[in-house]
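Report on the structure given below.
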Amino acid sequence: MIKRSALWAAPLLFVGVLFYWPLTNILQTGFTSEWIETFSEPSSLRAIWFTVWQALVSTLLCLVLGIPGAYLLYRKSFPGQKFIRALVTVPLVLPTIVVAIAFTSFRDLPAIWLIILAHIFINYSITVRTLGGVWATMDVETEEAAAIAGAGRLRTLWSISLPQLKPALVSAGALTFLFCASSYGIVLVLGGGLVQSIETEISIAALQYLDLPKASALAIFQTLLTAMAFIVSDRITKGTVGIEQVDEGGNKPRVDKRDWLAVVVTGAIIVGLIGWPIAQVISKSFSFDGVLSMQNFENLSTRGERDLLNITVLNAAVNSLRNAAIATVISVALGTLVAYLLSRPALTKIAKLSNRTLDALFLLPMGVSSVVLGFGYLVTFGGGPLPLRSSWLVVPLVQALMALPLVIRLVYPALLSIGSEHREAAETEGASAGQIWWQIEAPMIRGVLATATGYAAVVSIGEFGAASLLAYGNQATLPTILYSLISRPGAVNYGMAMAVCAILIALTLLLVFLVSVRGSNQTQRQP
Amino acid sequence: MQIKHIITMTVAGLIAATSLTGCSAATGPTSTNELTIVTHDSAVFTEELLAEFKAETGITVTQVKAGDAGEMTNKLVLTKDAPIGDLVYGIDNTFAPAAIEAEIFDTTGDYAENPLREIDYADVCLNYDKAWFADQGLTPPTKLADLTKPEYKGLTVLTNPSTSSPGLAFLTATVATFGEAGWEQYWSDLQANKVKIASGWEDAYFTDFSGSSGQGAYPIVLSYSSSPAFEIRDNGQSQTASIMDGCFRQWEYAAVLKGAKNVVGAQKFIDFMLGQSFQTALPDSMYVYPVTEGIALPEAWAQFAPAATNTVGGDLNIAANRMGWLVKWSAIFGNN
């Protein structure tokens, strides 16, 4: 017990210093008795209502559309599968303004549908990967038996697969809901600034009017919403864990005629909603003055038209990769540690309760407004006892903070799904906790660990908010450079921005692809 | 494990972390040869200029980008007890009154009367796609009032005044042009004439405007009078031009921050910003017009992007009226 408490220290210190401290500081600044009035303002109520319903609709659609996707991409096999798996992850790194550019073909739709489509575009891979990771390791025999007994695909899915996937579904749903509920740039840009969510209201209150009491009040509400999403998911997941774990290596069945529905749905999403917009951006990156050209890429070794940038794009790419490496190592290490500690059996009621509290404590950074946190950093780390803000390390540290909940959400369900039999057996044989982890548990969840690594890197590479606030001068990253380029008129800068996007896309594909190849190879080597 | 333990541990950790870095912070530089300049995101100080300043004064400049003009102003207000720099550059006339009221500037010596120094200006004007109008055989609009005419229905994209600074400038221009009695009607007519509202300049210019590289669907956009200088095509002509009616002039100021560590250096940098080299570089590096007399504009600017000869709204009190205007504007345009 003492040892386990010691293990908690590192991750708690990390979120304590980098998240709760600045958050408390800034909320205190805005603390007044007028909080309640904020909630009676019609604009606040509208924003709260809009946030909740669009996040619910987006999440539901992501889940419904993601199930056939997870099935095809992880339970079945077909040529090019790994490439498609990587492709659906790309939208996670695209900065908002680029999503807007990519969505040009859809821009005649009503703003609300544009926002929901964009949320599906961005979060689709979360359902696919979370479900897929569990589904791939699930026993096929029951499903096959059902098929032999004459049950159709939908029937098998409904009565056999989905109940087993429930924890993963809830986990993916909670994550998607949080992303959609705290989405800022998408609502702002695709809603033309006319559709307000809690996040955009916070931002307008804080940035335009310096109305910190209102921003704080809404931020607190958003935090409550996050906590609520967590409690709901926690309640639903409880008691349904313990899926029989089977290694992923086995030969997966090829896609066959009976999968037509899944193929149609997934094909439409991957080609129409994800592939087409991405292709738009790529084609713009190869076009200069209306003709096919590599000019935009050649320009990347420069600092833009009239030396607009502080450093060349290549230097920024190096910064981005360095930050991603650091953020990934930190978030995967700490996230896996937290998931591991949380997955240990809680014997007492108090232990169970504190486990859940801890889980929520690490999830919260995802649901809190980046504007509020940014202001928190400003007042906490600007000078004071910990002048982190002037160090380049602050950017990868914040990115690790952002990736941490994602890693925990991916690894934790996987660890739970292993079940306790293997561990208990090993314990009876006298194995230590460390031995059990390294020799039994870690190898079993290698695939998921690889996915978590890929996601952490991808989140860091695409992260804009913290980088724009904290990375200046020679520390610019690819997304901040992209915004600098696109905030000035002129074909040269625009073309370079599109080329930066193409590179972000290529980097993501490469990262996710490599990780998935490595992950599954290693799993296959398991007996 | 008990919650109490967690809290105790976190607090202990915080104290440890704090004291550790407290030591390293103490060794940080305090010399007056360093100058920190807080700017908005669009400010560009080229290495050449900073090297020239260093050669003249021995001072090394660090630039801290703090968001757009509004965000930057608010950050400075928020941190005024321990300022994040010595000098601010890029506060404009829409935010300056609020900043003065919040007392964030140094007001000693020469700066007692007015803490702000004008460095440059930009004119927010409507731009249109010349090629599009030529293709359609349609005469482009020449004044704000034209935008509500039926022939220009569905052709204009503007930006939201509550989320973009050119948007607020344009709203001010409409108040100045049509008066407190008429501006709301003008916007209602604009809405009826199907103008599109984008959240920010980038979005309007690159995804909706047809005359930029983004090749959107709207041939009229809210931008700057300088933008046509950056849309010159192979034939040597600019694809776009500005509508010179109803332009709003945004002045950008520099000011020494109250509590600055290097007041003398900050004042030296303001003098440098008003000097020949810096002012000459302004159009190319920051896409704005110089304020110092006798500075020649680049050729493309002289030909395609002259400053507006007649601007409106400069005499309005934006800081005091902003909230009221935006509430009324949202009542016309807010759709949720």
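Quick note on naming: the chains in the structure tokens go A, B, ... in the order shown, residues restart at 1 in each chain, and ligands are numbered from 1 in order of appearance.
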
Practice problem: Write out as a list in words the residues lying within 8 Å of range 157-165 of chain B, counting only C-alpha atoms and excluding same-chain residues fewer than 5 positions away. | Solution: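 Residues near the query, excluding close chain neighbours: Gly192, Gly193, Leu194, Ile204 and Gln208 of chain A; Ala69, Gly70, Phe170, Leu171, Val195, Lys196, Ile197, Ala198, Ser199, Gly200, Trp201, Ala204, Asp208, Phe209, Tyr218, Ile220, Val221, Leu222 and Leu326 of chain B.
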
Quiz prompt | Within 9 Å of Phe179 in chain A using only C-alpha atoms, minus same-chain residues under 6 positions, as a list of chain:residue names | solution = A:Ala55, A:His119, A:Asn123, A:Met366, A:Gly367

Let's have the selection written as a PDB file, in the first residue's frame, with N, CA and C atoms.
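Result file out.pdb:
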```
ATOM      1  N   ALA A  55     -23.014  18.268 -28.526  1.00  0.00           N
ATOM      2  CA  ALA A  55     -22.034  17.265 -28.106  1.00  0.00           C
ATOM      3  C   ALA A  55     -22.688  15.888 -28.038  1.00  0.00           C
ATOM      4  N   HIS A 119     -17.132  17.619 -36.110  1.00  0.00           N
ATOM      5  CA  HIS A 119     -16.856  16.829 -34.910  1.00  0.00           C
ATOM      6  C   HIS A 119     -16.753  15.345 -35.226  1.00  0.00           C
ATOM      7  N   ASN A 123     -13.414  13.222 -34.533  1.00  0.00           N
ATOM      8  CA  ASN A 123     -13.452  12.237 -33.440  1.00  0.00           C
ATOM      9  C   ASN A 123     -13.779  10.807 -33.852  1.00  0.00           C
ATOM     10  N   MET A 366      -9.063  17.671 -19.821  1.00  0.00           N
ATOM     11  CA  MET A 366      -9.631  17.659 -21.156  1.00  0.00           C
ATOM     12  C   MET A 366     -10.847  18.539 -21.296  1.00  0.00           C
ATOM     13  N   GLY A 367     -11.558  18.720 -20.182  1.00  0.00           N
ATOM     14  CA  GLY A 367     -12.816  19.436 -20.284  1.00  0.00           C
ATOM     15  C   GLY A 367     -12.718  20.906 -19.896  1.00  0.00           C
TER      16      GLY A 367
END
```

Exercise. Find the residues around Val187 in chain A up to 9 Å (only C-alpha atoms counted), leave out those fewer than 2 positions away in its own chain, and share them as a list in words.
Key: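 My reading of the contact set: Ala111, Ile112, Ile115, Ser183, Tyr184, Gly185, Val189, Leu190, Gly191, Gly192, Gly193, Val195, Gln196, Ser197, Glu199 and Thr200 of chain A.
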
Preceding selection exported with N, CA and C atoms as a PDB file, in the first residue's frame:
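Here's the written file result-v5.pdb:
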```pdb
ATOM      1  N   ALA A 111     -24.790  26.098 -40.296  1.00  0.00           N
ATOM      2  CA  ALA A 111     -23.628  26.093 -39.408  1.00  0.00           C
ATOM      3  C   ALA A 111     -23.652  24.926 -38.423  1.00  0.00           C
ATOM      4  N   ILE A 112     -24.845  24.631 -37.887  1.00  0.00           N
ATOM      5  CA  ILE A 112     -24.929  23.596 -36.868  1.00  0.00           C
ATOM      6  C   ILE A 112     -24.535  22.229 -37.432  1.00  0.00           C
ATOM      7  N   ILE A 115     -20.793  22.053 -37.939  1.00  0.00           N
ATOM      8  CA  ILE A 115     -20.091  21.800 -36.684  1.00  0.00           C
ATOM      9  C   ILE A 115     -20.145  20.315 -36.331  1.00  0.00           C
ATOM     10  N   SER A 183     -14.983  21.768 -27.526  1.00  0.00           N
ATOM     11  CA  SER A 183     -14.437  22.202 -28.810  1.00  0.00           C
ATOM     12  C   SER A 183     -14.606  23.707 -28.981  1.00  0.00           C
ATOM     13  N   TYR A 184     -13.534  24.371 -29.338  1.00  0.00           N
ATOM     14  CA  TYR A 184     -13.572  25.828 -29.406  1.00  0.00           C
ATOM     15  C   TYR A 184     -13.462  26.337 -30.851  1.00  0.00           C
ATOM     16  N   GLY A 185     -12.352  26.026 -31.497  1.00  0.00           N
ATOM     17  CA  GLY A 185     -12.095  26.561 -32.828  1.00  0.00           C
ATOM     18  C   GLY A 185     -13.147  26.171 -33.849  1.00  0.00           C
ATOM     19  N   VAL A 189     -15.164  28.973 -35.808  1.00  0.00           N
ATOM     20  CA  VAL A 189     -14.926  29.199 -37.235  1.00  0.00           C
ATOM     21  C   VAL A 189     -16.103  28.737 -38.095  1.00  0.00           C
ATOM     22  N   LEU A 190     -16.576  27.523 -37.850  1.00  0.00           N
ATOM     23  CA  LEU A 190     -17.665  27.033 -38.701  1.00  0.00           C
ATOM     24  C   LEU A 190     -19.009  27.650 -38.317  1.00  0.00           C
ATOM     25  N   GLY A 191     -19.108  28.157 -37.094  1.00  0.00           N
ATOM     26  CA  GLY A 191     -20.341  28.835 -36.692  1.00  0.00           C
ATOM     27  C   GLY A 191     -20.281  30.336 -36.993  1.00  0.00           C
ATOM     28  N   GLY A 192     -19.212  30.789 -37.626  1.00  0.00           N
ATOM     29  CA  GLY A 192     -19.066  32.196 -37.987  1.00  0.00           C
ATOM     30  C   GLY A 192     -19.040  33.122 -36.779  1.00  0.00           C
ATOM     31  N   GLY A 193     -18.813  32.579 -35.598  1.00  0.00           N
ATOM     32  CA  GLY A 193     -18.849  33.409 -34.404  1.00  0.00           C
ATOM     33  C   GLY A 193     -20.272  33.750 -33.991  1.00  0.00           C
ATOM     34  N   VAL A 195     -22.757  31.229 -33.586  1.00  0.00           N
ATOM     35  CA  VAL A 195     -23.271  30.145 -32.757  1.00  0.00           C
ATOM     36  C   VAL A 195     -22.370  30.059 -31.537  1.00  0.00           C
ATOM     37  N   GLN A 196     -22.937  30.163 -30.348  1.00  0.00           N
ATOM     38  CA  GLN A 196     -22.090  30.178 -29.157  1.00  0.00           C
ATOM     39  C   GLN A 196     -22.207  28.891 -28.349  1.00  0.00           C
ATOM     40  N   SER A 197     -21.041  28.371 -27.964  1.00  0.00           N
ATOM     41  CA  SER A 197     -21.013  27.262 -27.016  1.00  0.00           C
ATOM     42  C   SER A 197     -20.431  27.808 -25.713  1.00  0.00           C
ATOM     43  N   GLU A 199     -17.658  27.147 -24.402  1.00  0.00           N
ATOM     44  CA  GLU A 199     -16.253  27.470 -24.646  1.00  0.00           C
ATOM     45  C   GLU A 199     -16.080  28.817 -25.369  1.00  0.00           C
ATOM     46  N   THR A 200     -16.889  29.086 -26.382  1.00  0.00           N
ATOM     47  CA  THR A 200     -16.726  30.363 -27.089  1.00  0.00           C
ATOM     48  C   THR A 200     -17.231  31.517 -26.222  1.00  0.00           C
TER      49      THR A 200
END
```

Practice problem: Would you please give, as a PyMOL selection string, all residues of range 334-386 of chain A that DSSP assigns to alpha helix (DSSP H) based on the backbone? | Solution: chain A and resi 334-343+349-363+370-381

Kindly export the residues of the current selection with N, CA, C and O atoms, as a tab-separated table (two decimals), in the first residue's frame.
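Saved the output as part.tsv:
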```
chain	number	residue	atom	x	y	z
A	334	LEU	N	3.34	8.36	-17.68
A	334	LEU	CA	2.46	8.71	-16.56
A	334	LEU	C	1.07	8.12	-16.75
A	334	LEU	O	0.45	7.64	-15.80
A	335	GLY	N	0.56	8.17	-17.98
A	335	GLY	CA	-0.79	7.68	-18.25
A	335	GLY	C	-0.91	6.19	-18.00
A	335	GLY	O	-1.89	5.71	-17.41
A	336	THR	N	0.09	5.44	-18.42
A	336	THR	CA	0.08	3.99	-18.19
A	336	THR	C	0.18	3.70	-16.70
A	336	THR	O	-0.51	2.81	-16.18
A	337	LEU	N	1.00	4.49	-16.02
A	337	LEU	CA	1.14	4.31	-14.58
A	337	LEU	C	-0.21	4.54	-13.88
A	337	LEU	O	-0.64	3.74	-13.03
A	338	VAL	N	-0.88	5.63	-14.27
A	338	VAL	CA	-2.17	5.93	-13.66
A	338	VAL	C	-3.17	4.82	-13.97
A	338	VAL	O	-3.88	4.32	-13.09
A	339	ALA	N	-3.22	4.39	-15.23
A	339	ALA	CA	-4.16	3.33	-15.63
A	339	ALA	C	-3.87	2.06	-14.84
A	339	ALA	O	-4.77	1.37	-14.38
A	340	TYR	N	-2.59	1.78	-14.68
A	340	TYR	CA	-2.18	0.58	-13.94
A	340	TYR	C	-2.67	0.66	-12.49
A	340	TYR	O	-3.30	-0.26	-11.98
A	341	LEU	N	-2.40	1.80	-11.86
A	341	LEU	CA	-2.79	1.95	-10.45
A	341	LEU	C	-4.30	1.89	-10.30
A	341	LEU	O	-4.82	1.30	-9.35
A	342	LEU	N	-5.01	2.50	-11.26
A	342	LEU	CA	-6.47	2.50	-11.17
A	342	LEU	C	-7.04	1.10	-11.37
A	342	LEU	O	-8.10	0.77	-10.84
A	343	SER	N	-6.34	0.29	-12.15
A	343	SER	CA	-6.90	-1.03	-12.48
A	343	SER	C	-6.66	-2.06	-11.38
A	343	SER	O	-7.18	-3.16	-11.45
A	349	LYS	N	-14.35	0.30	0.49
A	349	LYS	CA	-15.22	1.30	-0.11
A	349	LYS	C	-14.47	2.60	-0.34
A	349	LYS	O	-14.60	3.25	-1.37
A	350	ILE	N	-13.67	2.96	0.66
A	350	ILE	CA	-12.90	4.21	0.55
A	350	ILE	C	-11.94	4.12	-0.62
A	350	ILE	O	-11.79	5.06	-1.41
A	351	ALA	N	-11.32	2.98	-0.78
A	351	ALA	CA	-10.37	2.81	-1.87
A	351	ALA	C	-11.08	2.95	-3.21
A	351	ALA	O	-10.58	3.56	-4.14
A	352	LYS	N	-12.28	2.36	-3.30
A	352	LYS	CA	-13.04	2.46	-4.54
A	352	LYS	C	-13.38	3.90	-4.86
A	352	LYS	O	-13.25	4.37	-5.98
A	353	LEU	N	-13.81	4.60	-3.81
A	353	LEU	CA	-14.21	6.00	-4.00
A	353	LEU	C	-13.00	6.84	-4.42
A	353	LEU	O	-13.08	7.64	-5.35
A	354	SER	N	-11.88	6.63	-3.75
A	354	SER	CA	-10.73	7.46	-4.07
A	354	SER	C	-10.19	7.11	-5.45
A	354	SER	O	-9.69	7.96	-6.16
A	355	ASN	N	-10.32	5.87	-5.84
A	355	ASN	CA	-9.93	5.48	-7.19
A	355	ASN	C	-10.70	6.27	-8.22
A	355	ASN	O	-10.17	6.78	-9.20
A	356	ARG	N	-12.03	6.36	-7.99
A	356	ARG	CA	-12.87	7.07	-8.95
A	356	ARG	C	-12.53	8.57	-8.95
A	356	ARG	O	-12.50	9.21	-9.98
A	357	THR	N	-12.29	9.09	-7.76
A	357	THR	CA	-11.93	10.51	-7.67
A	357	THR	C	-10.64	10.78	-8.43
A	357	THR	O	-10.53	11.76	-9.16
A	358	LEU	N	-9.70	9.88	-8.24
A	358	LEU	CA	-8.41	10.04	-8.91
A	358	LEU	C	-8.59	10.01	-10.42
A	358	LEU	O	-8.02	10.82	-11.15
A	359	ASP	N	-9.39	9.06	-10.87
A	359	ASP	CA	-9.64	8.92	-12.30
A	359	ASP	C	-10.18	10.25	-12.85
A	359	ASP	O	-9.71	10.77	-13.86
A	360	ALA	N	-11.15	10.81	-12.14
A	360	ALA	CA	-11.75	12.08	-12.58
A	360	ALA	C	-10.73	13.21	-12.57
A	360	ALA	O	-10.70	14.05	-13.46
A	361	LEU	N	-9.87	13.17	-11.56
A	361	LEU	CA	-8.85	14.20	-11.41
A	361	LEU	C	-7.95	14.30	-12.65
A	361	LEU	O	-7.52	15.37	-13.05
A	362	PHE	N	-7.68	13.14	-13.25
A	362	PHE	CA	-6.80	13.12	-14.42
A	362	PHE	C	-7.54	13.38	-15.72
A	362	PHE	O	-6.95	13.69	-16.74
A	363	LEU	N	-8.86	13.22	-15.67
A	363	LEU	CA	-9.64	13.41	-16.88
A	363	LEU	C	-10.00	14.88	-17.09
A	363	LEU	O	-10.16	15.35	-18.21
A	370	SER	N	-9.33	26.07	-22.68
A	370	SER	CA	-7.91	26.36	-22.88
A	370	SER	C	-7.62	27.84	-22.62
A	370	SER	O	-6.53	28.20	-22.21
A	371	VAL	N	-8.63	28.69	-22.84
A	371	VAL	CA	-8.43	30.12	-22.57
A	371	VAL	C	-8.22	30.34	-21.08
A	371	VAL	O	-7.31	31.05	-20.64
A	372	VAL	N	-9.08	29.69	-20.29
A	372	VAL	CA	-8.98	29.83	-18.84
A	372	VAL	C	-7.63	29.29	-18.36
A	372	VAL	O	-6.93	29.95	-17.58
A	373	LEU	N	-7.25	28.14	-18.87
A	373	LEU	CA	-5.97	27.55	-18.46
A	373	LEU	C	-4.81	28.45	-18.92
A	373	LEU	O	-3.85	28.65	-18.18
A	374	GLY	N	-4.93	28.98	-20.12
A	374	GLY	CA	-3.89	29.86	-20.65
A	374	GLY	C	-3.69	31.08	-19.75
A	374	GLY	O	-2.56	31.43	-19.40
A	375	PHE	N	-4.79	31.71	-19.34
A	375	PHE	CA	-4.70	32.84	-18.40
A	375	PHE	C	-4.08	32.38	-17.09
A	375	PHE	O	-3.32	33.11	-16.46
A	376	GLY	N	-4.45	31.16	-16.68
A	376	GLY	CA	-3.89	30.61	-15.45
A	376	GLY	C	-2.37	30.50	-15.53
A	376	GLY	O	-1.67	30.85	-14.59
A	377	TYR	N	-1.89	30.05	-16.68
A	377	TYR	CA	-0.44	29.95	-16.87
A	377	TYR	C	0.21	31.31	-16.80
A	377	TYR	O	1.28	31.48	-16.25
A	378	LEU	N	-0.46	32.26	-17.38
A	378	LEU	CA	0.08	33.61	-17.43
A	378	LEU	C	0.30	34.17	-16.03
A	378	LEU	O	1.35	34.72	-15.72
A	379	VAL	N	-0.73	34.03	-15.15
A	379	VAL	CA	-0.58	34.60	-13.82
A	379	VAL	C	0.25	33.71	-12.89
A	379	VAL	O	0.81	34.19	-11.92
A	380	THR	N	0.34	32.41	-13.21
A	380	THR	CA	1.04	31.50	-12.31
A	380	THR	C	2.52	31.37	-12.65
A	380	THR	O	3.37	31.40	-11.79
A	381	PHE	N	2.80	31.22	-13.96
A	381	PHE	CA	4.17	30.89	-14.34
A	381	PHE	C	4.91	32.03	-15.03
A	381	PHE	O	6.00	31.86	-15.53
```

Exercise. Output as number ranges by chain the set of chain A residues within 8 Å of chain B, with distances taken over only C-alpha atoms.
Key: A: 1, 5, 9, 12-13, 16-17, 46, 97, 100-101, 104, 188-196, 204, 206-210, 289, 306-310, 350-351, 354, 375, 378-379, 382-383, 385-387, 468-469, 472-473, 484, 486-491, 494-495

What are the closest atom pairs, with distances in Å to one decimal, for all residues of range 142-174 of chain A lying within 9 Å of range 399-412 of chain A? Consider only C-alpha atoms, order rows by chain and residue number, and present the result as a tab-separated table.
```
residue	atom	partner	partner_atom	distance
A:Ala168	CA	A:Leu410	CA	8.8
A:Ser171	CA	A:Arg409	CA	6.8
A:Ala172	CA	A:Arg409	CA	8.0
```

Keeping only N, CA, C and O atoms, write the selected residues to a file as a PDB file, in the first residue's frame.
```
ATOM      1  N   ALA A 168     -15.897  -0.298 -23.583  1.00  0.00           N
ATOM      2  CA  ALA A 168     -15.129   0.457 -24.572  1.00  0.00           C
ATOM      3  C   ALA A 168     -16.008   1.512 -25.236  1.00  0.00           C
ATOM      4  O   ALA A 168     -15.573   2.645 -25.482  1.00  0.00           O
ATOM      5  N   SER A 171     -16.501   4.304 -22.824  1.00  0.00           N
ATOM      6  CA  SER A 171     -15.248   5.028 -22.691  1.00  0.00           C
ATOM      7  C   SER A 171     -15.036   5.951 -23.897  1.00  0.00           C
ATOM      8  O   SER A 171     -14.725   7.147 -23.740  1.00  0.00           O
ATOM      9  N   ALA A 172     -15.234   5.411 -25.086  1.00  0.00           N
ATOM     10  CA  ALA A 172     -15.075   6.222 -26.301  1.00  0.00           C
ATOM     11  C   ALA A 172     -16.116   7.333 -26.340  1.00  0.00           C
ATOM     12  O   ALA A 172     -15.819   8.472 -26.716  1.00  0.00           O
TER      13      ALA A 172
END
```

Quiz item: So how many Å separate CA of Lys82 in chain A and CA of Leu514 in chain A, to one decimal?
Solution: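 Separation of CA of Lys82 in chain A and CA of Leu514 in chain A: 9.4 Å.
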
Quiz prompt | Sel. of strand (DSSP E or B) residues, range 59-296 of chain B, as a PyMOL selection string | solution = chain B and resi 60-65+87-92+105+117-129+156-159+196-198+209+218+220-224+232+238+240-257+289-290

Exercise. Find the spatial neighbours of Ala319 in chain B, counting only C-alpha atoms, within a cut-off of 10 Å - ignore same-chain residues fewer than 5 positions away - and output them as a list of chain:residue names.
Key: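 Skipping anything fewer than 5 positions along the chain leaves B:Asn93, B:Thr94, B:Phe95, B:Ala96, B:Pro97, B:Ala98, B:Ala99.
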
Self-check item: d(CA of Phe103 in chain A, CA of Trp53 in chain A) in Å
Solution: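 For CA of Phe103 in chain A relative to CA of Trp53 in chain A, the distance reads 22.2 Å.
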